[in-house]
Amino acid sequence: MTTWTSRLPFKSGTLLVQLVLLLFILILFSFLSPYFLSVTNFMNVLNQMVEVGLIAIPMTMIIISGAMDLSVGSILAFSAVSMGVAFERGYNIWVCVIFGLLAGLMCGAINGYLIARHRMQAIVVTIGMLVMLRGLVYVVNEGRPISGFPDSFYFLGQEYIAGIPFNAIILVIMFLIANFFMKKTRFGTYIYGIGNNEEVVRFSGISVIRVRFILFMLSGLFSALAGVFLVSRLASAEATSGTNIELDVITATLIGGTHIFGGRGSLTGTFVGLLIIVFLRNGLNLLGVSVLYQAVILGALLLLAVANKKISGE
Amino acid sequence: MKRILNVHEAPIMMFTILVIVLFSLISPDFFAIANFRLILDQNITMFIVAIGMTMVILLGGMDLSVGSVLAVTATSVGLFLSKGISPGAAALLGIVIGVLCGMVNGYFIAVRRIPDIIVTLATMYIFRGVAVGISGGTWMNNFPEGFRFFGQGTVASISFPLLVAILLIAVFIYLLKFTRAGRRIYSVGGNSSAAKLAGISVPKTKFMVYVLTGLLVGIASVIFAAKVGSVQASTAGNSLSFEVMAAVLIGGGSIFGGVGTIAGTMLGVLFMGIVKNGLIISKVSPFWVDATTGFLIILAIVINTLQRARQNKGKEGDLV
Amino acid sequence: MKKMTLAVLTGVLALTLSACGANSGNSPANNAGASSNDGAAASGTRTYFINPKSIGPAYWAAAEKGAIQAGEDMGVEVIFNAPTEADSSKQINMIQDMLTRKVSGIGVSPNDAKAVGPVFKKAAEQDVQIVTWDSDAPETDRQYYVAPATDEEVGELLAKTIGEEIGGEGQVAFMVAGLGSQNQIAKSDAAKAYFEANYPGIELVTMVASDDDQQKAYANAQNLIQTYPDLRGIIGFAGGEPPAAAEVVEQAVKAGTIEQGQIAITGIAVPSVVKSYIESGTIKTDIIWDPGKLAYTTVYILDQLAQGKEITDGMEIPNVGAVKVDGQNVFIGTLEVTSENVGSFDF
């Protein structure tokens with residue numbers, strides 16, 4: 001046990017680099033753009049980061065456990081469109097939301113069943129699911145966007161409570177709950193354990209299968225939740241939504257210091273990583289910097305964040 | 001060891017045959033020489049890139065940047081051609097650029113020791129940005145007739161790019177199976193600390209593999225540009241890395257490294273190509289094409305895994 | 001610790017460099033940059049955000065030139081930017097960011113007509129002028145829609161062209177960029193309806209999607225020819241489809257699988273991209289409009305709105321000519337590219 005806990009984050013100040021980077025980005029853009037440092041802009045950014053943020057929670061856990069889920073974007077679209085189709089059939093919107101969440105949970109369960117129970121390689125299974133679910137989305141609604149949801153539903157993604165976007169509040173609460181689970185419960189310890197040494201965990205009589213299965217279910221559920229919030233924010237359920245979102249999610253997780261081979265990382269780090277990429281993108285947008293340079297800068301930053309961590313960490 | 005590897009590819013081979021039979025029953029046009037040539041022709045780029053990806057995955061790594069490298073190389077070849085550089089020289093320069101991209105990946109992975117997936121995720125963004133940047137947002141097209149040879153020419157009535165692919169496959173099968181460099185790749189992927197103890201330089205091996213992958217992607221992108229006839233920097237090779245990775249893993253490779261063969265990978269590429277071609281030839285509704293492709297990928301993996309589980313049962317006991 | 005401080009320092013330095021590098025590299029192009037911001041606001045210069053579906057395709061690159069040109073001609077600041085992929089959520093994030101920047105107007109080519117509704121509403125509340133171009137978002141707060149013609153008209157024109165070329169008889173296949181994209185659906189539906197109404201002899205065999213990937217479009221065209229040996233025509237509904245179809249047909253003709261002129265191709269494509277195929281006769285007619293003029297018109301209309309001037313039918317726009325205004329729609333008209341005039345286009 002001690003070997004695992006000694007590797008938990010926050011001991012050696014691994015987040016220092018990330019925090020300095022974030023602070024630096026904030027200061028830099030405050031100087032460069034007069035519009036950056038304002039409450040409206042910050043709330044705006046918070047509102048935009050919710051979908052990526054929600055998925056980043058289970059993704060961080062899955063990466064810590066030494067696996068990866070590439071199907072999240074397709075699960076997001078599948079749940080969103082399932083919800084839309086159910087709504088078109090005339091069900092109450094909140095019933096449809098539950099239906100969408102169940103759809104995501106089911107996709108996660110399929111992933112989990114194949115990966116945990118049958119020990120298939122997570123990357124391949126989730127690539128397969130990525131292609132298949134995206135295809136199913138087109139089957140379900142023939143690619144046509146679904147809209148016309150009731151106003152009460154738009155509350156989720158568009159309303160502000162005390163000047164703070166409602167969905168951002170949910171995101172922060174989710175992060176806090178998840179962080180608590182990762183740090184204070186046995187379940188969290190198991191996740192770190194599996195990432196460090198799966199065999200040892202198994203021999204200690206813990207069901208690795210169950211932990212992995214739950215993780216992928218969570219990933220499905222959170223992707224679906226992100227889908228619900230996205231539909232509410234955009235007022236439209238589209239077949240293309242969530243395309244390539246897995247790259248954003250993984251980038252945020254990795255910038256946040258989670259180790260790609262598992263065993264190390266933290267949700268706090270992921271949150272900081274998330275803030276880094278959204279503020280970077282927002283700042284560059286405000287300056288009118290072409291997205292081409294934005295991609296290059298993001299790539300360079302990723303290398304930088306991790307390269308520095310390697311030097312300081314080991 | 002060799003016997004196990006041979007058996008290793010059996011399930012996917014049988015599944016491929018099953019899919020072929022199925023498509024042949026559905027559509028009479030499928031089982032025809034012309035169509036098989038078409039399938040080979042459509043997947044040349046995949047075949048060549050997959051050789052590199054097999055080696056990367058053998059090391060236990062992953063290269064997400066291949067699509068972006070393809071875009072950079074193909075775009076720069078287009079630029080060279082439009083500047084009036086002769087087709088042969090432009091192709092060579094393109095391949096050199098591919099190698100350079102490989103060296104960038106290799107430097108960060110082997111020398112700076114940053115995990116593969118992070119480096120290639122970053123270079124995926126960077127190279128894509130560079131590709132669109134140098135293209136100025138315009139298409140590369142109207143290539144001279146001489147350049148078309150690399151994608152469409154024939155030598156002794158066999159398509160030139162196919163010959164290149166076969167040659168490369170043969171060379172790399174030989175390299176991996178019968179040379180020390182190839183053995184090193186397997187041992188580093190299988191157990192890198194043991195390889196280190198055995199005196200193998202892990203960074204050197206990794207660097208070499210990424211440079212070779214860059215070289216292969218360079219060659220593939222010249223063929224890609226010459227074949228398709230136009231290059232759009234922002235989308236060229238967009239989904240390439242995932243597709244090639246899936247092919248390697250369907251072909252029996254393991255994401256944890258040390259397991260897999262080039263022959264298996266080629267089967268994996270062929271399988272994906274057959275599925276994509278067969279679904280359209282069988283006149284499946286366009287909305288169902290992707291869904292069915294994904295389902296077949298998962299099925300292929302399931303079959304692979306069942307086979308592997310049966311093989312491993314004796315060794316590991318009933319852990320699962 | 002020393003090592004780490006050093007690392008952080010290099011990181012910070014590199015980021016500064018990259019940020020500044022990006023700035024200076026970009027500012028001449030869009031006349032923006034941080035330094036000019038305050039000055040611009042003080043002198044009352046208007047800023048417009050022109051937002052295509054994505055950055056990268058040749059079509060949008062041509063549009064960018066027109067938008068920048070319009071900015072120079074009218075003495076306003078134009079920012080032309082979009083995500084690298086045609087993704088509606090990323091597009092909307094970008095529009096929100098630009099609203100924070102307090103632009104005077106936005107010209108948007110929405111990836112999803114419904115999804116831009118909320119952000120347009122927000123823009124309207126801030127008194128920002130809203131114009132859609134290239135793709136429309138009806139039932140939103142947009143004031144005008146700038147287009148070559150309606151999607152229905154373009155779809156029908158394409159159907160008519162191919163119907164005439166193949167004599168109203170035979171199998172036709174559609175090639176689209178995305179099964180889910182609205183303007184593709186509208187155009188292909190219109191073409192399909194036109195066939196049913198006017199050419200009962202034409203059978204629409206299938207519709208294939210390339211997801212904007214050139215290689216996929218190319219493979220799709222190959223598969224079409226293989227699957228439907230009696231295929232007589234292909235309509236490509238987006239910029240990447242006609243050249244891919246033409247390339248495949250030319251190669252098949254060369255290989256002797258099909259005869260010259262057996263498969264007629266038409267579609268929407270930028271002339272420079274299909275020039276060689278039109279010259280060789282593989283594509284007889286290509287439908288296009290000048291994306292640069294479309295973007296120019298968008299900026300012009302935005303500027304008129306911002307100054308409180310009226311948009312009237314037949315109004316003369318410098319460098320573009322007279323435009324047709326029908327309700328909230330502004331049409332600049334389509335062009336037919338044939339072997340006779342293909343050399344005369346500069347985009």
# chains A, B, ... in the order shown; residues from 1 in each chain; ligands from 1

$ residues_around --residues "C:Gly66" --least-positions-apart "5" --cutoff "8 Å" --atoms "only C-alpha atoms" --output "list in words"
Pro291, Gly292, Lys293, Leu294, Ala295 and Tyr296 of chain C

$ closest_atom_pairs --of "chain B" --to "chain A" --cutoff "10 Å" --atoms "only C-alpha atoms" --output "JSON lines"
{"residue": "B:Phe108", "atom": "CA", "partner": "A:Leu303", "partner_atom": "CA", "distance": 8.5}
{"residue": "B:Arg112", "atom": "CA", "partner": "A:Ala307", "partner_atom": "CA", "distance": 7.4}
{"residue": "B:Arg113", "atom": "CA", "partner": "A:Lys310", "partner_atom": "CA", "distance": 8.0}
{"residue": "B:Ile114", "atom": "CA", "partner": "A:Ala307", "partner_atom": "CA", "distance": 6.4}
{"residue": "B:Pro115", "atom": "CA", "partner": "A:Ile260", "partner_atom": "CA", "distance": 7.3}
{"residue": "B:Asp116", "atom": "CA", "partner": "A:Ile260", "partner_atom": "CA", "distance": 9.2}
{"residue": "B:Ile117", "atom": "CA", "partner": "A:Ile260", "partner_atom": "CA", "distance": 7.7}
{"residue": "B:Ile118", "atom": "CA", "partner": "A:Leu303", "partner_atom": "CA", "distance": 7.1}
{"residue": "B:Val119", "atom": "CA", "partner": "A:Leu303", "partner_atom": "CA", "distance": 6.3}
{"residue": "B:Thr120", "atom": "CA", "partner": "A:Gly299", "partner_atom": "CA", "distance": 9.2}
{"residue": "B:Leu121", "atom": "CA", "partner": "A:Gly299", "partner_atom": "CA", "distance": 7.4}
{"residue": "B:Ala122", "atom": "CA", "partner": "A:Gly299", "partner_atom": "CA", "distance": 4.0}
{"residue": "B:Thr123", "atom": "CA", "partner": "A:Gly299", "partner_atom": "CA", "distance": 6.1}
{"residue": "B:Met124", "atom": "CA", "partner": "A:Gly299", "partner_atom": "CA", "distance": 7.5}
{"residue": "B:Tyr125", "atom": "CA", "partner": "A:Ala295", "partner_atom": "CA", "distance": 5.2}
{"residue": "B:Ile126", "atom": "CA", "partner": "A:Val296", "partner_atom": "CA", "distance": 4.2}
{"residue": "B:Phe127", "atom": "CA", "partner": "A:Val296", "partner_atom": "CA", "distance": 7.5}
{"residue": "B:Arg128", "atom": "CA", "partner": "A:Ala295", "partner_atom": "CA", "distance": 7.7}
{"residue": "B:Gly129", "atom": "CA", "partner": "A:Leu292", "partner_atom": "CA", "distance": 4.8}
{"residue": "B:Val130", "atom": "CA", "partner": "A:Val296", "partner_atom": "CA", "distance": 7.4}
{"residue": "B:Ala131", "atom": "CA", "partner": "A:Leu292", "partner_atom": "CA", "distance": 9.1}
{"residue": "B:Val132", "atom": "CA", "partner": "A:Leu292", "partner_atom": "CA", "distance": 7.0}
{"residue": "B:Gly133", "atom": "CA", "partner": "A:Leu292", "partner_atom": "CA", "distance": 6.6}
{"residue": "B:Ser234", "atom": "CA", "partner": "A:Leu292", "partner_atom": "CA", "distance": 9.5}
{"residue": "B:Phe242", "atom": "CA", "partner": "A:Ile127", "partner_atom": "CA", "distance": 7.1}
{"residue": "B:Glu243", "atom": "CA", "partner": "A:Ile127", "partner_atom": "CA", "distance": 8.4}
{"residue": "B:Met245", "atom": "CA", "partner": "A:Val124", "partner_atom": "CA", "distance": 7.9}
{"residue": "B:Ala246", "atom": "CA", "partner": "A:Val124", "partner_atom": "CA", "distance": 5.9}
{"residue": "B:Ala247", "atom": "CA", "partner": "A:Val124", "partner_atom": "CA", "distance": 9.3}
{"residue": "B:Val248", "atom": "CA", "partner": "A:Val124", "partner_atom": "CA", "distance": 9.6}
{"residue": "B:Leu249", "atom": "CA", "partner": "A:Val124", "partner_atom": "CA", "distance": 6.7}
{"residue": "B:Ile250", "atom": "CA", "partner": "A:Val124", "partner_atom": "CA", "distance": 8.0}
{"residue": "B:Ser254", "atom": "CA", "partner": "A:Gln121", "partner_atom": "CA", "distance": 7.6}
{"residue": "B:Ile255", "atom": "CA", "partner": "A:Gln121", "partner_atom": "CA", "distance": 6.9}
{"residue": "B:Phe256", "atom": "CA", "partner": "A:Gln121", "partner_atom": "CA", "distance": 8.8}
{"residue": "B:Ser285", "atom": "CA", "partner": "A:Val139", "partner_atom": "CA", "distance": 9.1}
{"residue": "B:Pro286", "atom": "CA", "partner": "A:Val139", "partner_atom": "CA", "distance": 8.8}
{"residue": "B:Phe287", "atom": "CA", "partner": "A:Val139", "partner_atom": "CA", "distance": 5.1}
{"residue": "B:Trp288", "atom": "CA", "partner": "A:Val139", "partner_atom": "CA", "distance": 6.0}
{"residue": "B:Val289", "atom": "CA", "partner": "A:Gly135", "partner_atom": "CA", "distance": 6.9}
{"residue": "B:Asp290", "atom": "CA", "partner": "A:Gly135", "partner_atom": "CA", "distance": 4.3}
{"residue": "B:Ala291", "atom": "CA", "partner": "A:Gly135", "partner_atom": "CA", "distance": 3.9}
{"residue": "B:Thr292", "atom": "CA", "partner": "A:Met132", "partner_atom": "CA", "distance": 6.5}
{"residue": "B:Thr293", "atom": "CA", "partner": "A:Met132", "partner_atom": "CA", "distance": 6.5}
{"residue": "B:Gly294", "atom": "CA", "partner": "A:Met132", "partner_atom": "CA", "distance": 3.8}
{"residue": "B:Phe295", "atom": "CA", "partner": "A:Met132", "partner_atom": "CA", "distance": 5.7}
{"residue": "B:Leu296", "atom": "CA", "partner": "A:Gly128", "partner_atom": "CA", "distance": 8.1}
{"residue": "B:Ile297", "atom": "CA", "partner": "A:Gly128", "partner_atom": "CA", "distance": 5.5}
{"residue": "B:Ile298", "atom": "CA", "partner": "A:Gly128", "partner_atom": "CA", "distance": 5.3}
{"residue": "B:Leu299", "atom": "CA", "partner": "A:Gly128", "partner_atom": "CA", "distance": 8.9}
{"residue": "B:Ala300", "atom": "CA", "partner": "A:Gly128", "partner_atom": "CA", "distance": 9.7}
{"residue": "B:Ile301", "atom": "CA", "partner": "A:Val125", "partner_atom": "CA", "distance": 7.3}
{"residue": "B:Val302", "atom": "CA", "partner": "A:Met120", "partner_atom": "CA", "distance": 7.5}
{"residue": "B:Asn304", "atom": "CA", "partner": "A:Met120", "partner_atom": "CA", "distance": 9.1}
{"residue": "B:Thr305", "atom": "CA", "partner": "A:Met120", "partner_atom": "CA", "distance": 6.3}
{"residue": "B:Leu306", "atom": "CA", "partner": "A:His118", "partner_atom": "CA", "distance": 8.1}
{"residue": "B:Arg308", "atom": "CA", "partner": "A:Met120", "partner_atom": "CA", "distance": 9.9}
{"residue": "B:Ala309", "atom": "CA", "partner": "A:His118", "partner_atom": "CA", "distance": 8.5}
{"residue": "B:Leu319", "atom": "CA", "partner": "A:Arg202", "partner_atom": "CA", "distance": 8.4}
{"residue": "B:Val320", "atom": "CA", "partner": "A:Arg117", "partner_atom": "CA", "distance": 7.4}

$ interface_residues --of "chain B" --to "chain C" --cutoff "7 Å" --atoms "only C-alpha atoms" --output "MDAnalysis selection string"
chainID B and resid 29 42 132 137:139 141:142 228:229 232:236 277 280:281 286

$ interface_residues --of "chain A" --to "chain C" --cutoff "8 Å" --atoms "only C-alpha atoms" --output "count of residues only"
44

$ select_by_dssp --residues "stretch 129-269 of chain C" --states "strand (DSSP E or B)" --output "VMD selection string"
chain C and resid 129 to 133 144 to 147 170 to 176 202 to 209 231 to 236 264 to 268

$ closest_residue --among "A:Leu225, A:Ile276, A:Val201, A:Ile191" --to "A:Ile62" --atoms "only C-alpha atoms"
A:Ile191

$ atom_distance --atom1 "atom CA of C:Arg142" --atom2 "atom CA of C:Ile106"
9.6 Å

$ atom_distance --atom1 "atom CA of C:Ile258" --atom2 "atom CA of B:Phe23"
23.9 Å

$ select_by_dssp --residues "stretch 118-212 of chain A" --states "helix (DSSP H, G or I)" --output "PyMOL selection string"
chain A and resi 122-141+151-158+166-184+186-196+198-203+208-212

$ decode --residues "stretch 143-154 of chain B" --atoms "all heavy atoms" --output "tab-separated table (two decimals), in the first residue's frame"
chain	number	residue	atom	x	y	z
B	143	PHE	N	-0.82	18.30	-60.79
B	143	PHE	CA	0.54	17.79	-60.80
B	143	PHE	C	0.96	17.43	-62.23
B	143	PHE	O	0.11	17.00	-63.02
B	143	PHE	CB	0.65	16.52	-59.93
B	143	PHE	CG	0.31	16.78	-58.50
B	143	PHE	CD1	-0.51	15.90	-57.81
B	143	PHE	CD2	0.82	17.88	-57.83
B	143	PHE	CE1	-0.84	16.14	-56.48
B	143	PHE	CE2	0.50	18.11	-56.50
B	143	PHE	CZ	-0.33	17.23	-55.83
B	144	PRO	N	2.26	17.57	-62.55
B	144	PRO	CA	2.71	17.21	-63.90
B	144	PRO	C	2.54	15.71	-64.16
B	144	PRO	O	2.52	14.91	-63.24
B	144	PRO	CB	4.18	17.61	-63.91
B	144	PRO	CG	4.57	17.67	-62.48
B	144	PRO	CD	3.34	18.09	-61.74
B	145	GLU	N	2.44	15.37	-65.42
B	145	GLU	CA	2.20	13.99	-65.83
B	145	GLU	C	3.28	13.06	-65.28
B	145	GLU	O	2.99	11.96	-64.82
B	145	GLU	CB	2.16	13.92	-67.36
B	145	GLU	CG	1.40	12.74	-67.94
B	145	GLU	CD	0.04	12.52	-67.27
B	145	GLU	OE1	-0.71	13.50	-67.09
B	145	GLU	OE2	-0.24	11.37	-66.92
B	146	GLY	N	4.53	13.52	-65.29
B	146	GLY	CA	5.63	12.68	-64.82
B	146	GLY	C	5.45	12.24	-63.38
B	146	GLY	O	5.81	11.14	-62.99
B	147	PHE	N	4.86	13.12	-62.58
B	147	PHE	CA	4.69	12.81	-61.17
B	147	PHE	C	3.60	11.76	-60.97
B	147	PHE	O	3.68	10.94	-60.05
B	147	PHE	CB	4.32	14.09	-60.41
B	147	PHE	CG	4.17	13.89	-58.93
B	147	PHE	CD1	5.27	13.59	-58.15
B	147	PHE	CD2	2.93	14.00	-58.33
B	147	PHE	CE1	5.14	13.39	-56.80
B	147	PHE	CE2	2.78	13.80	-56.97
B	147	PHE	CZ	3.89	13.50	-56.20
B	148	ARG	N	2.62	11.78	-61.85
B	148	ARG	CA	1.52	10.82	-61.74
B	148	ARG	C	2.00	9.37	-61.73
B	148	ARG	O	1.33	8.48	-61.21
B	148	ARG	CB	0.53	11.00	-62.90
B	148	ARG	CG	-0.20	12.31	-62.89
B	148	ARG	CD	-1.09	12.37	-61.68
B	148	ARG	NE	-1.87	13.59	-61.64
B	148	ARG	CZ	-3.08	13.71	-62.20
B	148	ARG	NH1	-3.60	12.69	-62.82
B	148	ARG	NH2	-3.73	14.83	-62.12
B	149	PHE	N	3.18	9.15	-62.34
B	149	PHE	CA	3.71	7.79	-62.44
B	149	PHE	C	3.80	7.14	-61.06
B	149	PHE	O	3.50	5.96	-60.90
B	149	PHE	CB	5.08	7.82	-63.10
B	149	PHE	CG	5.75	6.48	-63.15
B	149	PHE	CD1	5.38	5.54	-64.10
B	149	PHE	CD2	6.72	6.14	-62.21
B	149	PHE	CE1	5.97	4.29	-64.13
B	149	PHE	CE2	7.32	4.90	-62.24
B	149	PHE	CZ	6.94	3.97	-63.19
B	150	PHE	N	4.18	7.92	-60.05
B	150	PHE	CA	4.38	7.34	-58.71
B	150	PHE	C	3.09	6.77	-58.13
B	150	PHE	O	3.12	5.91	-57.27
B	150	PHE	CB	4.93	8.39	-57.75
B	150	PHE	CG	6.29	8.87	-58.13
B	150	PHE	CD1	6.51	10.21	-58.44
B	150	PHE	CD2	7.36	8.00	-58.18
B	150	PHE	CE1	7.76	10.65	-58.79
B	150	PHE	CE2	8.62	8.44	-58.54
B	150	PHE	CZ	8.81	9.77	-58.84
B	151	GLY	N	1.96	7.27	-58.62
B	151	GLY	CA	0.71	6.78	-58.05
B	151	GLY	C	-0.06	5.89	-59.01
B	151	GLY	O	-0.86	5.07	-58.60
B	152	GLN	N	0.17	6.08	-60.31
B	152	GLN	CA	-0.68	5.40	-61.27
B	152	GLN	C	0.08	4.61	-62.32
B	152	GLN	O	-0.53	3.88	-63.11
B	152	GLN	CB	-1.56	6.43	-61.99
B	152	GLN	CG	-2.48	7.16	-61.03
B	152	GLN	CD	-2.96	8.48	-61.60
B	152	GLN	OE1	-2.94	8.67	-62.80
B	152	GLN	NE2	-3.38	9.38	-60.74
B	153	GLY	N	1.40	4.74	-62.34
B	153	GLY	CA	2.19	4.08	-63.38
B	153	GLY	C	2.20	2.57	-63.23
B	153	GLY	O	1.84	2.02	-62.20
B	154	THR	N	2.58	1.89	-64.30
B	154	THR	CA	2.69	0.43	-64.21
B	154	THR	C	4.08	0.00	-64.67
B	154	THR	O	4.68	0.63	-65.55
B	154	THR	CB	1.65	-0.28	-65.10
B	154	THR	OG1	1.74	0.29	-66.40
B	154	THR	CG2	0.26	-0.11	-64.55
